[in-house]
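Enquirer: The structure that follows is given in the form of structure tokens.
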Amino acid sequence: MLKYSASAEGPQWLSDEQIEQLPAAAVRVRDRFLVSLLACTGMRIGEALGLHRQDMHLLSNSEMLGCQVAGPHVHVRRRLNANGALAKSRFSRWILVTEDLVDGYAEYLHERAAQLPAEMDGDGVFVNLYAGRRGQPVTYVAARDMFDRLARRVGFEARPHMLRHSAATRWIRAGIDRDVVQLPYGNCTEPTTIKAGGKSCPLRFQCVGCGFYRPDPSYLPAVEGTHPPAAHRPRDRRRTRHS
């Protein structure tokens, strides 16, 4: 009897139409913003849930914050968080974002201010507003449950990591160079990397923290207008609902 090995399932992504349906199906502004953030930036869910408000540099100029990066952007930093969220890379990076995402964050802050007394508010970007330990960071389990609810409402599978794959797929189809997508959405001027055509990096593409790395806004046109205004922890078998 002949036996054939099953091929591994490749990365899954969502169409632009499907991505537009997800925020529209979300009941809460916070959840719409989380979906839009993952779709816009391609960051991992653990990175998004580990964001602090100090990471959100959404002005056109952030010099007053001691940051030299031009344009609205989000910093992704590896740190210990109360909800267990953790950025995969130990190297920090920043990701440029769209004006639509900036507007979505402003809407979320209005919802947050209306639901949380100042003494209960925390430093995390995504916090519990309606249940659980209000003001505390949203857990991975709660975010996964939220995506499960969205998937049932829209009628197709939707997981946070699919938005990461969707962002990379969208930029590549829009003509963005694969090396720009491979690097954390930026350009590298390191001589060894350039000589090898973007295929050989002495730092193995860790990028931010390297003086040769610069963010590249060329991928933004592939994101602008795609989404309405307004993301890896192992699965925890204990299903706690913090929302």
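Just so we're on the same page: first chain in the structure tokens is A, next is B, and so on; residues restart at 1 for each chain, and ligands are numbered from 1 in the order they show up.
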Write out as a compact mmCIF listing (two decimals) with N, CA and C atoms, in the first residue's frame which residues come within 7 Å of His75 (chain A) when counting only C-alpha atoms, dropping same-chain ones fewer than 2 positions away.
Expert:
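Output (out.txt):
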```txt
# COMPACT_ATOMS: atom_id res chain seq x y z
N ASP A 55 4.10 53.81 23.93
CA ASP A 55 4.57 53.28 22.64
C ASP A 55 3.82 53.90 21.46
N MET A 56 2.72 54.58 21.74
CA MET A 56 1.86 55.11 20.68
C MET A 56 2.29 56.53 20.32
N HIS A 73 3.57 56.57 14.28
CA HIS A 73 4.15 55.23 14.33
C HIS A 73 3.91 54.61 15.69
N ARG A 77 8.14 46.91 21.73
CA ARG A 77 9.25 46.66 22.66
C ARG A 77 9.01 45.36 23.42
N ARG A 93 11.46 47.71 17.64
CA ARG A 93 11.31 48.26 16.30
C ARG A 93 10.13 49.23 16.31
N TRP A 94 9.99 50.00 15.26
CA TRP A 94 8.83 50.86 15.13
C TRP A 94 8.16 50.57 13.80
N ILE A 95 6.85 50.85 13.73
CA ILE A 95 6.07 50.59 12.52
C ILE A 95 5.23 51.83 12.22
```
Enquirer: Name the residues in contact with His161 (chain A) at a cut-off of 12 Å, using only C-alpha atoms, excluding same-chain residues fewer than 4 positions from it; report them as a list in words.
Expert: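 Listing them by chain and then by number gives Pro11, Gln12, Trp13, Leu14, Val35, Leu38, Ala39, Thr41, Gly42, Met43, Arg44, Ile45, Gly46, Glu47, Ala48, Ala143, Arg144, Phe147, Glu157, His165, Ser166, Ala167, Ala168, Ala231, His232 and Arg233 of chain A.
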Enquirer: Could you check which of A:Met120, A:Val154, A:Val127, A:Val27 is closest to Tyr140 (chain A), using only C-alpha atoms?
Expert: A:Val127
Enquirer: Return the single residue from A:Ala82, A:Leu101, A:Leu116, A:Ala158 that is closest to Leu37 (chain A), with distances computed using only C-alpha atoms.
Expert: A:Leu101
Enquirer: Check the smallest atom-to-atom distance from each of A:Leu96, A:Thr169, A:Glu107, A:Arg149 to Val69 (chain A) using only C-alpha atoms, then report the winner.
Expert: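 Closest to Val69 (chain A), using only C-alpha atoms: A:Leu96.
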Enquirer: CA of Asp31 (chain A) and CA of Ala151 (chain A), how far apart in Å?
Expert: 13.1 Å
Enquirer: Quick one: of A:Leu163, A:Met146, A:Ile172, A:Leu51, who's nearest to Gly122 (chain A), counting only C-alpha atoms?
Expert: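 Counting only C-alpha atoms, the residue closest to Gly122 (chain A) is A:Leu51.
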Enquirer: Have a look at CA of Ala114 (chain A) and CA of Gln136 (chain A) and let me know their distance in Å, one decimal.
Expert: 15.8 Å
Enquirer: Please report the interatomic distance between CA of Asn83 (chain A) and CA of Tyr105 (chain A) in Å with one decimal.
Expert: 20.7 Å
